[in-house]
$ cat my_file-v1.cif   # mmCIF, C-alpha atoms and all ligand atoms
data_protein
loop_
_atom_site.group_PDB
_atom_site.id
_atom_site.type_symbol
_atom_site.label_atom_id
_atom_site.label_comp_id
_atom_site.auth_asym_id
_atom_site.auth_seq_id
_atom_site.Cartn_x
_atom_site.Cartn_y
_atom_site.Cartn_z
ATOM 1 C CA VAL A 1 0.000 0.000 0.000
ATOM 2 C CA THR A 2 1.500 3.317 -0.962
ATOM 3 C CA GLY A 3 0.529 6.884 -0.229
ATOM 4 C CA ASP A 4 -2.336 8.375 -2.225
ATOM 5 C CA SER A 5 -0.434 11.544 -3.010
ATOM 6 C CA GLY A 6 2.309 9.596 -4.832
ATOM 7 C CA PRO A 7 5.974 9.425 -3.942
ATOM 8 C CA PRO A 8 7.735 12.676 -3.112
ATOM 9 C CA ALA A 9 10.476 13.849 -5.430
ATOM 10 C CA ASP A 10 13.918 12.604 -4.419
ATOM 11 C CA VAL A 11 15.462 15.894 -3.498
ATOM 12 C CA ALA A 12 19.243 15.962 -3.453
ATOM 13 C CA GLY A 13 20.050 18.386 -0.718
ATOM 14 C CA GLU A 14 22.335 20.797 0.966
ATOM 15 C CA HIS A 15 22.107 18.898 4.215
ATOM 16 C CA PRO A 16 25.590 18.456 5.725
ATOM 17 C CA ASP A 17 25.003 14.703 6.195
ATOM 18 C CA ALA A 18 23.463 14.177 2.727
ATOM 19 C CA ASP A 19 26.218 11.812 1.560
ATOM 20 C CA ARG A 20 26.183 9.643 4.660
ATOM 21 C CA PRO A 21 24.473 6.253 4.494
ATOM 22 C CA ILE A 22 21.071 5.358 5.898
ATOM 23 C CA GLY A 23 21.462 2.881 8.764
ATOM 24 C CA VAL A 24 19.028 -0.010 9.002
ATOM 25 C CA PHE A 25 18.814 -2.128 12.131
ATOM 26 C CA ASP A 26 16.998 -5.388 12.798
ATOM 27 C CA SER A 27 17.192 -8.190 15.311
ATOM 28 C CA GLY A 28 18.398 -10.424 12.483
ATOM 29 C CA ILE A 29 17.875 -11.079 8.840
ATOM 30 C CA GLY A 30 14.165 -10.255 8.443
ATOM 31 C CA GLY A 31 14.805 -6.508 8.244
ATOM 32 C CA LEU A 32 16.375 -7.151 4.859
ATOM 33 C CA THR A 33 12.776 -7.001 3.542
ATOM 34 C CA VAL A 34 12.792 -3.353 4.638
ATOM 35 C CA LEU A 35 16.287 -2.772 3.231
ATOM 36 C CA ARG A 36 15.085 -4.229 -0.058
ATOM 37 C CA ALA A 37 12.113 -1.853 -0.190
ATOM 38 C CA LEU A 38 14.398 1.025 0.744
ATOM 39 C CA ARG A 39 16.876 0.199 -2.030
ATOM 40 C CA GLU A 40 14.027 -0.063 -4.527
ATOM 41 C CA ARG A 41 12.534 3.261 -3.437
ATOM 42 C CA LEU A 42 15.847 5.138 -3.044
ATOM 43 C CA PRO A 43 18.333 3.407 -5.374
ATOM 44 C CA GLY A 44 20.803 6.296 -5.195
ATOM 45 C CA GLU A 45 21.283 6.069 -1.421
ATOM 46 C CA SER A 46 24.071 4.224 0.409
ATOM 47 C CA THR A 47 22.920 1.914 3.165
ATOM 48 C CA ILE A 48 24.445 0.066 6.077
ATOM 49 C CA TYR A 49 22.522 -2.781 7.673
ATOM 50 C CA LEU A 50 23.086 -4.395 11.042
ATOM 51 C CA GLY A 51 21.376 -7.651 11.974
ATOM 52 C CA ASP A 52 21.772 -8.646 15.617
ATOM 53 C CA THR A 53 21.753 -12.331 14.667
ATOM 54 C CA ALA A 54 23.578 -13.385 17.831
ATOM 55 C CA ARG A 55 20.595 -12.330 19.949
ATOM 56 C CA LEU A 56 17.679 -13.102 17.603
ATOM 57 C CA PRO A 57 14.792 -13.488 18.293
ATOM 58 C CA TYR A 58 13.822 -10.259 20.026
ATOM 59 C CA GLY A 59 10.129 -11.149 19.655
ATOM 60 C CA THR A 60 10.016 -13.397 22.707
ATOM 61 C CA LYS A 61 12.374 -11.356 24.942
ATOM 62 C CA SER A 62 11.483 -8.968 27.777
ATOM 63 C CA ALA A 63 11.123 -5.244 27.076
ATOM 64 C CA ALA A 64 14.217 -4.552 29.213
ATOM 65 C CA SER A 65 16.359 -6.823 27.035
ATOM 66 C CA VAL A 66 14.961 -5.456 23.775
ATOM 67 C CA LEU A 67 15.657 -1.890 24.969
ATOM 68 C CA ARG A 68 19.242 -2.771 25.831
ATOM 69 C CA TYR A 69 19.907 -4.711 22.616
ATOM 70 C CA ALA A 70 18.325 -2.031 20.426
ATOM 71 C CA ALA A 71 20.405 0.707 22.082
ATOM 72 C CA GLN A 72 23.644 -1.254 21.633
ATOM 73 C CA ALA A 73 23.007 -2.177 18.004
ATOM 74 C CA SER A 74 21.853 1.325 17.076
ATOM 75 C CA THR A 75 24.839 2.917 18.799
ATOM 76 C CA HIS A 76 27.136 0.739 16.703
ATOM 77 C CA LEU A 77 25.448 1.925 13.515
ATOM 78 C CA VAL A 78 25.266 5.576 14.558
ATOM 79 C CA THR A 79 28.991 5.507 15.298
ATOM 80 C CA CYS A 80 29.543 4.621 11.608
ATOM 81 C CA GLY A 81 28.111 8.063 10.708
ATOM 82 C CA LEU A 82 24.513 8.075 9.452
ATOM 83 C CA LYS A 83 22.026 10.583 8.118
ATOM 84 C CA ALA A 84 19.022 8.555 9.303
ATOM 85 C CA LEU A 85 18.375 5.391 11.278
ATOM 86 C CA VAL A 86 15.654 2.944 10.272
ATOM 87 C CA VAL A 87 14.505 0.540 12.964
ATOM 88 C CA ALA A 88 13.422 -2.230 10.611
ATOM 89 C CA CYS A 89 12.454 -4.565 13.446
ATOM 90 C CA ASN A 90 8.813 -4.360 14.509
ATOM 91 C CA THR A 91 9.609 -5.600 18.016
ATOM 92 C CA ALA A 92 12.377 -3.003 18.515
ATOM 93 C CA SER A 93 10.113 -0.317 17.022
ATOM 94 C CA ALA A 94 7.289 -1.295 19.365
ATOM 95 C CA VAL A 95 9.488 -1.351 22.461
ATOM 96 C CA ALA A 96 12.411 1.019 21.911
ATOM 97 C CA ILE A 97 11.575 3.737 19.366
ATOM 98 C CA ASP A 98 11.046 6.525 21.944
ATOM 99 C CA ASP A 99 14.269 5.632 23.708
ATOM 100 C CA LEU A 100 16.236 5.574 20.431
ATOM 101 C CA ARG A 101 14.790 8.914 19.294
ATOM 102 C CA ALA A 102 15.738 10.551 22.601
ATOM 103 C CA ARG A 103 19.180 8.945 22.587
ATOM 104 C CA PHE A 104 20.199 9.994 19.062
ATOM 105 C CA ALA A 105 18.310 13.295 18.538
ATOM 106 C CA PRO A 106 18.425 15.160 16.186
ATOM 107 C CA LEU A 107 19.173 12.112 13.982
ATOM 108 C CA PRO A 108 15.910 11.066 12.282
ATOM 109 C CA VAL A 109 14.869 7.647 13.627
ATOM 110 C CA ILE A 110 12.164 5.945 11.581
ATOM 111 C CA GLY A 111 10.422 2.826 12.866
ATOM 112 C CA VAL A 112 8.152 0.403 11.037
ATOM 113 C CA VAL A 113 5.081 0.524 13.287
ATOM 114 C CA GLU A 114 3.894 4.072 12.518
ATOM 115 C CA PRO A 115 4.172 3.745 8.707
ATOM 116 C CA GLY A 116 2.444 0.349 8.912
ATOM 117 C CA ALA A 117 -0.391 1.746 11.027
ATOM 118 C CA GLU A 118 -0.801 4.695 8.690
ATOM 119 C CA ALA A 119 -1.010 2.427 5.654
ATOM 120 C CA ALA A 120 -3.514 0.140 7.374
ATOM 121 C CA VAL A 121 -5.821 3.024 8.282
ATOM 122 C CA ARG A 122 -5.647 4.362 4.729
ATOM 123 C CA ALA A 123 -6.325 0.996 3.137
ATOM 124 C CA SER A 124 -9.171 -0.246 5.347
ATOM 125 C CA ARG A 125 -12.769 0.657 4.552
ATOM 126 C CA ARG A 126 -14.379 -0.753 7.705
ATOM 127 C CA GLN A 127 -11.432 -0.044 10.050
ATOM 128 C CA ARG A 128 -11.350 -3.621 11.275
ATOM 129 C CA HIS A 129 -7.708 -4.582 11.531
ATOM 130 C CA LEU A 130 -5.955 -7.826 12.315
ATOM 131 C CA VAL A 131 -2.292 -7.294 13.223
ATOM 132 C CA LEU A 132 0.042 -10.285 12.921
ATOM 133 C CA ALA A 133 3.212 -9.799 14.960
ATOM 134 C CA THR A 134 5.605 -11.286 17.502
ATOM 135 C CA GLU A 135 4.690 -11.885 21.121
ATOM 136 C CA SER A 136 6.547 -8.765 22.377
ATOM 137 C CA THR A 137 4.973 -6.483 19.783
ATOM 138 C CA VAL A 138 1.514 -7.805 20.640
ATOM 139 C CA LYS A 139 2.136 -7.428 24.392
ATOM 140 C CA ARG A 140 3.102 -3.817 23.844
ATOM 141 C CA HIS A 141 -0.078 -3.079 21.783
ATOM 142 C CA ALA A 142 2.067 -0.755 19.681
ATOM 143 C CA TYR A 143 0.016 -1.279 16.508
ATOM 144 C CA ALA A 144 -3.313 -0.978 18.318
ATOM 145 C CA ARG A 145 -2.200 2.342 19.785
ATOM 146 C CA ALA A 146 -0.762 3.632 16.500
ATOM 147 C CA ILE A 147 -3.892 2.627 14.549
ATOM 148 C CA THR A 148 -6.426 4.021 17.033
ATOM 149 C CA ALA A 149 -4.402 7.255 17.317
ATOM 150 C CA ARG A 150 -5.100 7.709 13.602
ATOM 151 C CA SER A 151 -8.571 6.186 13.511
ATOM 152 C CA PRO A 152 -10.254 6.355 16.946
ATOM 153 C CA GLU A 153 -13.197 4.161 15.877
ATOM 154 C CA ALA A 154 -10.939 1.385 14.573
ATOM 155 C CA HIS A 155 -11.278 -2.154 15.882
ATOM 156 C CA VAL A 156 -7.860 -3.799 16.203
ATOM 157 C CA SER A 157 -7.112 -7.404 17.101
ATOM 158 C CA GLU A 158 -3.511 -8.470 17.536
ATOM 159 C CA LEU A 159 -2.259 -12.001 17.042
ATOM 160 C CA SER A 160 1.139 -13.366 17.997
ATOM 161 C CA CYS A 161 2.351 -15.677 15.205
ATOM 162 C CA SER A 162 5.825 -16.692 16.392
ATOM 163 C CA VAL A 163 5.922 -19.842 14.257
ATOM 164 C CA PHE A 164 5.838 -17.686 11.122
ATOM 165 C CA VAL A 165 9.281 -16.320 12.114
ATOM 166 C CA ALA A 166 10.722 -19.836 12.258
ATOM 167 C CA LEU A 167 9.064 -20.819 8.967
ATOM 168 C CA ALA A 168 10.505 -17.791 7.167
ATOM 169 C CA GLU A 169 13.969 -18.428 8.636
ATOM 170 C CA GLU A 170 13.738 -22.031 7.491
ATOM 171 C CA GLY A 171 12.573 -21.072 4.012
ATOM 172 C CA TRP A 172 9.274 -22.936 4.507
ATOM 173 C CA THR A 173 7.195 -20.106 3.145
ATOM 174 C CA GLU A 174 4.903 -22.285 1.038
ATOM 175 C CA GLY A 175 3.598 -25.853 1.077
ATOM 176 C CA PRO A 176 1.676 -27.891 3.642
ATOM 177 C CA VAL A 177 3.538 -26.813 6.812
ATOM 178 C CA ALA A 178 3.142 -23.101 6.072
ATOM 179 C CA GLU A 179 -0.494 -23.649 5.054
ATOM 180 C CA ARG A 180 -1.297 -25.553 8.263
ATOM 181 C CA ALA A 181 0.362 -22.890 10.415
ATOM 182 C CA ALA A 182 -1.491 -20.095 8.614
ATOM 183 C CA ALA A 183 -4.809 -21.914 9.030
ATOM 184 C CA ALA A 184 -4.129 -22.563 12.731
ATOM 185 C CA TYR A 185 -3.448 -18.877 13.358
ATOM 186 C CA LEU A 186 -5.889 -17.250 11.002
ATOM 187 C CA ASP A 187 -9.023 -19.351 10.552
ATOM 188 C CA ARG A 188 -10.548 -18.250 13.859
ATOM 189 C CA ALA A 189 -9.330 -14.661 13.619
ATOM 190 C CA MET A 190 -10.946 -14.344 10.188
ATOM 191 C CA GLY A 191 -14.248 -15.925 11.255
ATOM 192 C CA GLY A 192 -17.435 -14.319 12.588
ATOM 193 C CA PRO A 193 -20.185 -12.312 10.891
ATOM 194 C CA PRO A 194 -19.034 -10.786 7.588
ATOM 195 C CA ASP A 195 -19.167 -7.175 8.765
ATOM 196 C CA GLU A 196 -17.083 -7.995 11.846
ATOM 197 C CA ARG A 197 -14.319 -9.766 9.938
ATOM 198 C CA PRO A 198 -11.026 -7.922 9.492
ATOM 199 C CA ASP A 199 -10.741 -6.087 6.190
ATOM 200 C CA SER A 200 -7.076 -5.262 6.859
ATOM 201 C CA VAL A 201 -4.370 -7.774 7.767
ATOM 202 C CA VAL A 202 -1.208 -6.013 8.904
ATOM 203 C CA LEU A 203 2.095 -7.851 8.541
ATOM 204 C CA GLY A 204 3.571 -6.504 11.776
ATOM 205 C CA CYS A 205 6.814 -8.466 11.661
ATOM 206 C CA THR A 206 9.812 -8.290 9.342
ATOM 207 C CA HIS A 207 9.519 -11.967 8.423
ATOM 208 C CA PHE A 208 5.874 -12.070 7.444
ATOM 209 C CA PRO A 209 6.089 -10.506 3.952
ATOM 210 C CA LEU A 210 7.777 -13.766 2.934
ATOM 211 C CA LEU A 211 4.584 -15.600 3.881
ATOM 212 C CA ALA A 212 2.302 -13.099 2.160
ATOM 213 C CA GLU A 213 1.130 -15.613 -0.448
ATOM 214 C CA VAL A 214 0.137 -18.292 2.009
ATOM 215 C CA ILE A 215 -1.489 -15.663 4.242
ATOM 216 C CA ARG A 216 -3.446 -14.366 1.238
ATOM 217 C CA ALA A 217 -4.589 -17.885 0.340
ATOM 218 C CA THR A 218 -5.787 -18.387 3.940
ATOM 219 C CA VAL A 219 -7.579 -15.063 4.492
ATOM 220 C CA GLY A 220 -9.197 -14.979 1.044
ATOM 221 C CA PRO A 221 -9.387 -12.145 -1.437
ATOM 222 C CA GLU A 222 -11.232 -9.502 0.612
ATOM 223 C CA PRO A 223 -8.855 -8.103 3.236
ATOM 224 C CA VAL A 224 -6.067 -5.847 2.153
ATOM 225 C CA ILE A 225 -2.662 -7.126 3.270
ATOM 226 C CA VAL A 226 -0.525 -4.297 4.603
ATOM 227 C CA ASP A 227 3.241 -4.706 4.383
ATOM 228 C CA SER A 228 5.084 -2.036 6.338
ATOM 229 C CA ALA A 229 8.342 -2.470 4.362
ATOM 230 C CA ARG A 230 7.194 -0.346 1.435
ATOM 231 C CA THR A 231 5.427 2.255 3.534
ATOM 232 C CA THR A 232 8.517 2.581 5.732
ATOM 233 C CA ALA A 233 10.677 3.173 2.645
ATOM 234 C CA GLU A 234 8.163 5.825 1.641
ATOM 235 C CA SER A 235 8.472 7.485 5.068
ATOM 236 C CA VAL A 236 12.262 7.523 4.795
ATOM 237 C CA ALA A 237 12.001 9.124 1.333
ATOM 238 C CA ARG A 238 9.692 11.765 2.770
ATOM 239 C CA VAL A 239 11.981 12.522 5.724
ATOM 240 C CA LEU A 240 15.039 12.887 3.463
ATOM 241 C CA ALA A 241 13.115 15.089 1.038
ATOM 242 C CA THR A 242 11.910 17.300 3.899
ATOM 243 C CA LEU A 243 15.446 17.654 5.265
ATOM 244 C CA GLY A 244 16.963 18.177 1.809
ATOM 245 C CA ALA A 245 19.200 15.228 2.661
ATOM 246 C CA GLY A 246 19.078 13.236 -0.601
ATOM 247 C CA ARG A 247 22.522 11.958 -1.640
ATOM 248 C CA THR A 248 24.515 14.298 -3.880
ATOM 249 C CA SER A 249 27.672 12.250 -4.592
ATOM 250 C CA ASN A 250 28.217 10.902 -8.111
ATOM 251 C CA ALA A 251 30.049 7.824 -6.800
ATOM 252 C CA PRO A 252 27.985 4.622 -6.892
ATOM 253 C CA PRO A 253 26.023 4.061 -3.679
ATOM 254 C CA THR A 254 27.415 1.468 -1.297
ATOM 255 C CA LEU A 255 25.811 -1.328 0.730
ATOM 256 C CA ARG A 256 27.437 -2.677 3.898
ATOM 257 C CA LEU A 257 25.996 -5.676 5.708
ATOM 258 C CA LEU A 258 26.927 -6.243 9.351
ATOM 259 C CA ALA A 259 25.830 -9.052 11.641
ATOM 260 C CA THR A 260 26.673 -10.141 15.157
ATOM 261 C CA ASP A 261 26.865 -13.840 14.268
ATOM 262 C CA GLY A 262 26.771 -16.376 11.473
ATOM 263 C CA ALA A 263 27.935 -14.951 8.136
ATOM 264 C CA GLU A 264 27.069 -18.175 6.322
ATOM 265 C CA ARG A 265 23.524 -18.406 7.597
ATOM 266 C CA PHE A 266 23.043 -14.681 7.049
ATOM 267 C CA ALA A 267 24.106 -15.028 3.410
ATOM 268 C CA ALA A 268 22.022 -18.148 2.755
ATOM 269 C CA VAL A 269 18.788 -16.965 4.393
ATOM 270 C CA GLY A 270 19.369 -13.252 3.794
ATOM 271 C CA SER A 271 19.517 -13.556 0.025
ATOM 272 C CA ARG A 272 15.865 -14.694 0.105
ATOM 273 C CA PHE A 273 14.860 -11.692 2.191
ATOM 274 C CA LEU A 274 16.947 -9.188 0.217
ATOM 275 C CA GLY A 275 16.101 -10.692 -3.164
ATOM 276 C CA GLU A 276 19.770 -10.593 -4.210
ATOM 277 C CA PRO A 277 22.506 -13.221 -4.045
ATOM 278 C CA LEU A 278 24.813 -12.884 -1.030
ATOM 279 C CA SER A 279 27.973 -14.728 -0.096
ATOM 280 C CA PRO A 280 29.412 -15.068 3.434
ATOM 281 C CA SER A 281 32.283 -12.744 2.492
ATOM 282 C CA ASP A 282 29.722 -9.939 1.937
ATOM 283 C CA ILE A 283 28.896 -9.982 5.667
ATOM 284 C CA GLU A 284 31.084 -8.259 8.282
ATOM 285 C CA ILE A 285 30.798 -9.836 11.721
ATOM 286 C CA VAL A 286 30.850 -7.244 14.497
ATOM 287 C CA ASP A 287 30.835 -7.398 18.278
ATOM 288 C CA LEU A 288 28.531 -4.998 20.093
HETATM 289 N N1 LIG B 301 12.504 -8.628 13.605
HETATM 290 C C1 LIG B 301 11.461 -9.156 14.448
HETATM 291 C C2 LIG B 301 10.186 -8.308 14.246
HETATM 292 O O1 LIG B 301 9.988 -7.691 13.241
HETATM 293 C C3 LIG B 301 11.155 -10.605 14.156
HETATM 294 C C4 LIG B 301 12.248 -11.546 14.571
HETATM 295 C C5 LIG B 301 12.527 -11.498 16.062
HETATM 296 O O2 LIG B 301 11.679 -11.940 16.848
HETATM 297 O O3 LIG B 301 13.590 -10.995 16.419
HETATM 298 O O4 LIG B 301 9.377 -8.263 15.138
#
$ encode --input "my_file-v1.cif" --output "structure tokens"
Amino acid sequence: VTGDSGPPADVAGEHPDADRPIGVFDSGIGGLTVLRALRERLPGESTIYLGDTARLPYGTKSAASVLRYAAQASTHLVTCGLKALVVACNTASAVAIDDLRARFAPLPVIGVVEPGAEAAVRASRRQRHLVLATESTVKRHAYARAITARSPEAHVSELSCSVFVALAEEGWTEGPVAERAAAAYLDRAMGGPPDERPDSVVLGCTHFPLLAEVIRATVGPEPVIVDSARTTAESVARVLATLGAGRTSNAPPTLRLLATDGAERFAAVGSRFLGEPLSPSDIEIVDL
């Protein structure tokens, strides 16, 4: 789902940090779906991605741990010199976005929850939303708050679908196992009288866009499926345009990929998420 006013112009700017990269942080590899959308939307920008693979998953951890991990990972990226930080992890966005904004101000910090909520409200006719997310995101009710802040009459149900994370990591994004898992999670949530059924299904986790087809087959043709990756990329484009911070350099943009563990697994699984081939030597292992 994209904005109805169309994408803003990519404004190359006078901003002093215009030629710095955009930092993208996730608990692991799933945030590469956001990096992919960002590279499609802003192909002239350099990017640096950090996946905290050593401590994945964040989705089942306490808020205190997620806050600490998110601060450490973001500090590592910010120290590389950024013009904006994208928190591509829904769990970290739900738990730590306020802390990260306060910590790194005036650096723009863009999370995935607000753009996702905005897109869901725009796309839904009946304002009946079903948010699929990790346990920590659901516990925090971050999407419910972000959606009802924009649409006070909205009805929001939130469903923790942790098994989807494992399926995406394993590459089991289609076939009988994925179909059974989707049915187990979604059949009840999509039931009830027709006018009470969700007409918007929000993919509130980095990994879930990979299961979009099986989710579509399970929920049927009616509900709109909202993927926050593209809307987040759109938000980043808007922020850079507003700041006049579009890249000015004529040198080709660069992509750096950092992880806290497992270059081989990152390359093998990550290429599916990024939609580009990766080899272990493309990944720099860092210690936070
Ligand atoms: N990146 C997480 C999210 O979007 C999913 C994986 C995890 O639990 O760390 O919520």
$ resolve_selection --input "my_file-v1.cif" --expression "the PyMOL selection byres (((chain A and resi 261) around 6) and not hetatm)" --output "list of chain:residue names"
A:Thr53, A:Ala54, A:Ala259, A:Thr260, A:Gly262
$ resolve_selection --input "my_file-v1.cif" --expression "the PyMOL selection byres (((chain A and resi 176-185) around 8) and not hetatm)" --output "CSV table (one decimal) with C-alpha atoms, keeping the file's coordinate frame"
chain,number,residue,atom,x,y,z
A,159,LEU,CA,-2.3,-12.0,17.0
A,161,CYS,CA,2.4,-15.7,15.2
A,163,VAL,CA,5.9,-19.8,14.3
A,164,PHE,CA,5.8,-17.7,11.1
A,167,LEU,CA,9.1,-20.8,9.0
A,172,TRP,CA,9.3,-22.9,4.5
A,173,THR,CA,7.2,-20.1,3.1
A,174,GLU,CA,4.9,-22.3,1.0
A,175,GLY,CA,3.6,-25.9,1.1
A,186,LEU,CA,-5.9,-17.2,11.0
A,187,ASP,CA,-9.0,-19.4,10.6
A,188,ARG,CA,-10.5,-18.2,13.9
A,189,ALA,CA,-9.3,-14.7,13.6
A,211,LEU,CA,4.6,-15.6,3.9
A,214,VAL,CA,0.1,-18.3,2.0
A,215,ILE,CA,-1.5,-15.7,4.2
A,218,THR,CA,-5.8,-18.4,3.9
$ axis_aligned_box --input "my_file-v1.cif" --around "range 250-257 of chain A" --padding-each-side "6 Å" --output "lines of an AutoDock Vina configuration file"
center_x = 27.9
center_y = 2.6
center_z = -1.2
size_x = 16.2
size_y = 28.6
size_z = 25.8
$ residues_near_ligand --input "my_file-v1.cif" --ligand "ligand LIG 301 (chain B)" --cutoff "6 Å" --atoms "only C-alpha atoms and all ligand atoms" --output "PyMOL selection string"
chain A and resi 26-27+30+56-59+89-91+134+205-206
$ residues_around --input "my_file-v1.cif" --residues "range 111-125 of chain A" --least-positions-apart "6" --cutoff "8 Å" --atoms "all atoms listed in the file" --output "PyMOL selection string"
chain A and resi 1-3+86-90+93-94+97+142-143+146-147+150-151+199-202+204+224+226-229+231-232+235
